[in-house]
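Some notes on the structure that comes next.
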Amino acid sequence: MDQNPPAPPSTGTPPPPPPVNPPTPPTYQTPPPSTPTGYIPPAPQPHSNGMAIASLIIGIFALILSWTVVLGIILGALALIFGFLGKKKAHTDPSVGGRGMAIAGIVLAFIGIAIAALIIILVVVLATAAVTTVPYYY
């Protein structure tokens, strides 16, 4: 008892031949090279902070010239102004560097002003002591 499936009805025409060129699988394109192999582009540099640089330079001069008292105080005040402006600029804009230079300028300005103030105090004390110790002859 062999059960064979029924044969399809014959139409008299042979089946169509297989295609000559079979369909090709999809091709994948390689992306174009963005950078040469082994090359790493440099990291972007932060923008310079002119206020911080000015604070540092003027603070150095304030410290060096603090013995002249007037220049020490004037340059120290300018270095403080530029330093705080430069520090604020570095804080508000992360792409701008120079926070360390601004702080260094502020510290040098404070030291220069302190030295100038100590010189003023020393001169006043010595002048007062010299005037009060001079004997008066009538």
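Ordering of the structure tokens sets the chain letters (A, B, ...); residue numbers start at 1 within each chain; ligands are numbered from 1 in the order shown.
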
What's the 12 Å shell around segment 54-71 of chain A, counting only C-alpha atoms, without same-chain residues fewer than 5 positions away, as a PDB file with N, CA, C and O atoms, in the first residue's frame?
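Okay, this is what ended up in result.pdb:
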ATOM      1  N   SER A  48      42.737  81.833  24.675  1.00  0.00           N
ATOM      2  CA  SER A  48      43.522  82.518  25.697  1.00  0.00           C
ATOM      3  C   SER A  48      42.653  83.543  26.413  1.00  0.00           C
ATOM      4  O   SER A  48      41.682  84.061  25.880  1.00  0.00           O
ATOM      5  N   ASN A  49      43.035  83.816  27.627  1.00  0.00           N
ATOM      6  CA  ASN A  49      42.304  84.743  28.476  1.00  0.00           C
ATOM      7  C   ASN A  49      43.202  85.950  28.688  1.00  0.00           C
ATOM      8  O   ASN A  49      44.115  85.930  29.514  1.00  0.00           O
ATOM      9  N   GLY A  76      49.178  97.015  41.716  1.00  0.00           N
ATOM     10  CA  GLY A  76      48.472  95.966  42.456  1.00  0.00           C
ATOM     11  C   GLY A  76      46.964  96.056  42.267  1.00  0.00           C
ATOM     12  O   GLY A  76      46.282  95.045  42.097  1.00  0.00           O
ATOM     13  N   ALA A  77      46.439  97.274  42.307  1.00  0.00           N
ATOM     14  CA  ALA A  77      44.997  97.457  42.107  1.00  0.00           C
ATOM     15  C   ALA A  77      44.596  97.041  40.687  1.00  0.00           C
ATOM     16  O   ALA A  77      43.566  96.368  40.497  1.00  0.00           O
ATOM     17  N   LEU A  78      45.401  97.411  39.695  1.00  0.00           N
ATOM     18  CA  LEU A  78      45.095  96.999  38.318  1.00  0.00           C
ATOM     19  C   LEU A  78      45.152  95.476  38.164  1.00  0.00           C
ATOM     20  O   LEU A  78      44.303  94.878  37.504  1.00  0.00           O
ATOM     21  N   ALA A  79      46.158  94.860  38.785  1.00  0.00           N
ATOM     22  CA  ALA A  79      46.276  93.403  38.697  1.00  0.00           C
ATOM     23  C   ALA A  79      45.085  92.724  39.371  1.00  0.00           C
ATOM     24  O   ALA A  79      44.608  91.689  38.892  1.00  0.00           O
ATOM     25  N   LEU A  80      44.600  93.294  40.471  1.00  0.00           N
ATOM     26  CA  LEU A  80      43.414  92.724  41.120  1.00  0.00           C
ATOM     27  C   LEU A  80      42.191  92.811  40.213  1.00  0.00           C
ATOM     28  O   LEU A  80      41.430  91.845  40.081  1.00  0.00           O
ATOM     29  N   ILE A  81      42.002  93.969  39.591  1.00  0.00           N
ATOM     30  CA  ILE A  81      40.845  94.148  38.703  1.00  0.00           C
ATOM     31  C   ILE A  81      40.910  93.156  37.541  1.00  0.00           C
ATOM     32  O   ILE A  81      39.946  92.427  37.262  1.00  0.00           O
ATOM     33  N   PHE A  82      42.062  93.112  36.860  1.00  0.00           N
ATOM     34  CA  PHE A  82      42.204  92.195  35.729  1.00  0.00           C
ATOM     35  C   PHE A  82      42.102  90.738  36.178  1.00  0.00           C
ATOM     36  O   PHE A  82      41.562  89.894  35.471  1.00  0.00           O
ATOM     37  N   GLY A  83      42.637  90.432  37.349  1.00  0.00           N
ATOM     38  CA  GLY A  83      42.597  89.065  37.853  1.00  0.00           C
ATOM     39  C   GLY A  83      41.183  88.584  38.123  1.00  0.00           C
ATOM     40  O   GLY A  83      40.813  87.475  37.742  1.00  0.00           O
ATOM     41  N   PHE A  84      40.392  89.421  38.788  1.00  0.00           N
ATOM     42  CA  PHE A  84      39.019  89.004  39.070  1.00  0.00           C
ATOM     43  C   PHE A  84      38.181  88.931  37.788  1.00  0.00           C
ATOM     44  O   PHE A  84      37.345  88.036  37.651  1.00  0.00           O
ATOM     45  N   LEU A  85      38.424  89.841  36.843  1.00  0.00           N
ATOM     46  CA  LEU A  85      37.704  89.764  35.564  1.00  0.00           C
ATOM     47  C   LEU A  85      38.116  88.511  34.777  1.00  0.00           C
ATOM     48  O   LEU A  85      37.283  87.841  34.173  1.00  0.00           O
ATOM     49  N   GLY A  86      39.414  88.203  34.780  1.00  0.00           N
ATOM     50  CA  GLY A  86      39.891  87.008  34.088  1.00  0.00           C
ATOM     51  C   GLY A  86      39.390  85.728  34.722  1.00  0.00           C
ATOM     52  O   GLY A  86      39.056  84.763  34.038  1.00  0.00           O
ATOM     53  N   LYS A  87      39.322  85.705  36.049  1.00  0.00           N
ATOM     54  CA  LYS A  87      38.808  84.528  36.743  1.00  0.00           C
ATOM     55  C   LYS A  87      37.327  84.335  36.439  1.00  0.00           C
ATOM     56  O   LYS A  87      36.862  83.213  36.235  1.00  0.00           O
ATOM     57  N   GLY A  98      43.017  79.920  31.619  1.00  0.00           N
ATOM     58  CA  GLY A  98      43.647  81.038  32.307  1.00  0.00           C
ATOM     59  C   GLY A  98      43.218  81.249  33.731  1.00  0.00           C
ATOM     60  O   GLY A  98      43.554  82.269  34.328  1.00  0.00           O
ATOM     61  N   ARG A  99      42.491  80.294  34.312  1.00  0.00           N
ATOM     62  CA  ARG A  99      42.047  80.480  35.687  1.00  0.00           C
ATOM     63  C   ARG A  99      43.246  80.534  36.634  1.00  0.00           C
ATOM     64  O   ARG A  99      43.296  81.359  37.540  1.00  0.00           O
ATOM     65  N   GLY A 100      44.230  79.681  36.412  1.00  0.00           N
ATOM     66  CA  GLY A 100      45.423  79.662  37.261  1.00  0.00           C
ATOM     67  C   GLY A 100      46.233  80.945  37.153  1.00  0.00           C
ATOM     68  O   GLY A 100      46.754  81.448  38.158  1.00  0.00           O
ATOM     69  N   MET A 101      46.346  81.480  35.934  1.00  0.00           N
ATOM     70  CA  MET A 101      47.067  82.740  35.762  1.00  0.00           C
ATOM     71  C   MET A 101      46.360  83.883  36.466  1.00  0.00           C
ATOM     72  O   MET A 101      46.995  84.751  37.055  1.00  0.00           O
ATOM     73  N   ALA A 102      45.031  83.879  36.414  1.00  0.00           N
ATOM     74  CA  ALA A 102      44.265  84.930  37.081  1.00  0.00           C
ATOM     75  C   ALA A 102      44.470  84.860  38.593  1.00  0.00           C
ATOM     76  O   ALA A 102      44.677  85.891  39.251  1.00  0.00           O
ATOM     77  N   ILE A 103      44.439  83.654  39.139  1.00  0.00           N
ATOM     78  CA  ILE A 103      44.641  83.498  40.584  1.00  0.00           C
ATOM     79  C   ILE A 103      46.056  83.902  40.970  1.00  0.00           C
ATOM     80  O   ILE A 103      46.264  84.571  41.994  1.00  0.00           O
ATOM     81  N   ALA A 104      47.043  83.528  40.156  1.00  0.00           N
ATOM     82  CA  ALA A 104      48.427  83.923  40.443  1.00  0.00           C
ATOM     83  C   ALA A 104      48.583  85.442  40.406  1.00  0.00           C
ATOM     84  O   ALA A 104      49.269  86.023  41.246  1.00  0.00           O
ATOM     85  N   GLY A 105      47.935  86.102  39.441  1.00  0.00           N
ATOM     86  CA  GLY A 105      47.986  87.562  39.382  1.00  0.00           C
ATOM     87  C   GLY A 105      47.345  88.205  40.596  1.00  0.00           C
ATOM     88  O   GLY A 105      47.840  89.207  41.126  1.00  0.00           O
ATOM     89  N   ILE A 106      46.225  87.631  41.063  1.00  0.00           N
ATOM     90  CA  ILE A 106      45.554  88.160  42.256  1.00  0.00           C
ATOM     91  C   ILE A 106      46.452  88.015  43.475  1.00  0.00           C
ATOM     92  O   ILE A 106      46.599  88.958  44.280  1.00  0.00           O
ATOM     93  N   VAL A 107      47.080  86.865  43.633  1.00  0.00           N
ATOM     94  CA  VAL A 107      47.963  86.637  44.791  1.00  0.00           C
ATOM     95  C   VAL A 107      49.153  87.582  44.746  1.00  0.00           C
ATOM     96  O   VAL A 107      49.519  88.202  45.764  1.00  0.00           O
ATOM     97  N   LEU A 108      49.790  87.724  43.584  1.00  0.00           N
ATOM     98  CA  LEU A 108      50.932  88.640  43.465  1.00  0.00           C
ATOM     99  C   LEU A 108      50.516  90.080  43.735  1.00  0.00           C
ATOM    100  O   LEU A 108      51.271  90.848  44.347  1.00  0.00           O
ATOM    101  N   ALA A 109      49.317  90.462  43.298  1.00  0.00           N
ATOM    102  CA  ALA A 109      48.826  91.821  43.545  1.00  0.00           C
ATOM    103  C   ALA A 109      48.634  92.057  45.035  1.00  0.00           C
ATOM    104  O   ALA A 109      49.022  93.117  45.556  1.00  0.00           O
ATOM    105  N   PHE A 110      48.038  91.089  45.730  1.00  0.00           N
ATOM    106  CA  PHE A 110      47.853  91.236  47.181  1.00  0.00           C
ATOM    107  C   PHE A 110      49.192  91.335  47.899  1.00  0.00           C
ATOM    108  O   PHE A 110      49.359  92.151  48.820  1.00  0.00           O
ATOM    109  N   ILE A 111      50.161  90.538  47.483  1.00  0.00           N
ATOM    110  CA  ILE A 111      51.483  90.597  48.115  1.00  0.00           C
ATOM    111  C   ILE A 111      52.141  91.945  47.842  1.00  0.00           C
ATOM    112  O   ILE A 111      52.727  92.559  48.740  1.00  0.00           O
ATOM    113  N   GLY A 112      52.055  92.435  46.592  1.00  0.00           N
ATOM    114  CA  GLY A 112      52.645  93.741  46.264  1.00  0.00           C
ATOM    115  C   GLY A 112      52.001  94.876  47.041  1.00  0.00           C
ATOM    116  O   GLY A 112      52.689  95.777  47.550  1.00  0.00           O
ATOM    117  N   ILE A 113      50.681  94.844  47.172  1.00  0.00           N
ATOM    118  CA  ILE A 113      49.984  95.887  47.940  1.00  0.00           C
ATOM    119  C   ILE A 113      50.353  95.781  49.419  1.00  0.00           C
ATOM    120  O   ILE A 113      50.553  96.807  50.092  1.00  0.00           O
ATOM    121  N   ALA A 114      50.469  94.555  49.940  1.00  0.00           N
ATOM    122  CA  ALA A 114      50.826  94.372  51.348  1.00  0.00           C
ATOM    123  C   ALA A 114      52.229  94.898  51.629  1.00  0.00           C
ATOM    124  O   ALA A 114      52.461  95.557  52.658  1.00  0.00           O
ATOM    125  N   ILE A 115      53.171  94.639  50.734  1.00  0.00           N
ATOM    126  CA  ILE A 115      54.538  95.148  50.928  1.00  0.00           C
ATOM    127  C   ILE A 115      54.545  96.675  50.891  1.00  0.00           C
ATOM    128  O   ILE A 115      55.189  97.327  51.718  1.00  0.00           O
ATOM    129  N   ALA A 116      53.809  97.249  49.932  1.00  0.00           N
ATOM    130  CA  ALA A 116      53.734  98.711  49.850  1.00  0.00           C
ATOM    131  C   ALA A 116      53.096  99.294  51.116  1.00  0.00           C
ATOM    132  O   ALA A 116      53.555 100.319  51.644  1.00  0.00           O
ATOM    133  N   ALA A 117      52.059  98.642  51.630  1.00  0.00           N
ATOM    134  CA  ALA A 117      51.416  99.118  52.858  1.00  0.00           C
ATOM    135  C   ALA A 117      52.360  98.996  54.048  1.00  0.00           C
ATOM    136  O   ALA A 117      52.407  99.897  54.914  1.00  0.00           O
ATOM    137  N   LEU A 118      53.120  97.922  54.119  1.00  0.00           N
ATOM    138  CA  LEU A 118      54.092  97.774  55.211  1.00  0.00           C
ATOM    139  C   LEU A 118      55.173  98.843  55.139  1.00  0.00           C
ATOM    140  O   LEU A 118      55.616  99.362  56.183  1.00  0.00           O
ATOM    141  N   ILE A 119      55.603  99.184  53.945  1.00  0.00           N
ATOM    142  CA  ILE A 119      56.604 100.252  53.796  1.00  0.00           C
ATOM    143  C   ILE A 119      56.017 101.576  54.260  1.00  0.00           C
ATOM    144  O   ILE A 119      56.692 102.364  54.956  1.00  0.00           O
ATOM    145  N   ILE A 120      54.772 101.860  53.913  1.00  0.00           N
ATOM    146  CA  ILE A 120      54.129 103.105  54.360  1.00  0.00           C
ATOM    147  C   ILE A 120      54.047 103.126  55.886  1.00  0.00           C
ATOM    148  O   ILE A 120      54.371 104.142  56.529  1.00  0.00           O
ATOM    149  N   ILE A 121      53.621 102.020  56.475  1.00  0.00           N
ATOM    150  CA  ILE A 121      53.517 101.956  57.938  1.00  0.00           C
ATOM    151  C   ILE A 121      54.889 102.134  58.575  1.00  0.00           C
ATOM    152  O   ILE A 121      55.041 102.869  59.557  1.00  0.00           O
ATOM    153  N   LEU A 122      55.909 101.491  58.024  1.00  0.00           N
ATOM    154  CA  LEU A 122      57.265 101.609  58.558  1.00  0.00           C
ATOM    155  C   LEU A 122      57.767 103.046  58.477  1.00  0.00           C
ATOM    156  O   LEU A 122      58.342 103.569  59.438  1.00  0.00           O
ATOM    157  N   VAL A 123      57.532 103.719  57.374  1.00  0.00           N
ATOM    158  CA  VAL A 123      57.970 105.114  57.223  1.00  0.00           C
ATOM    159  C   VAL A 123      57.238 106.016  58.202  1.00  0.00           C
ATOM    160  O   VAL A 123      57.850 106.887  58.840  1.00  0.00           O
TER     161      VAL A 123
END

Every residue of segment 8-121 of chain A that DSSP places in alpha helix (DSSP H), as a PyMOL selection string: chain A and resi 50-64+70-92+99-121

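The space separating atom CA of His91 of chain A from atom CA of Pro44 of chain A comes to 18.4 Å.
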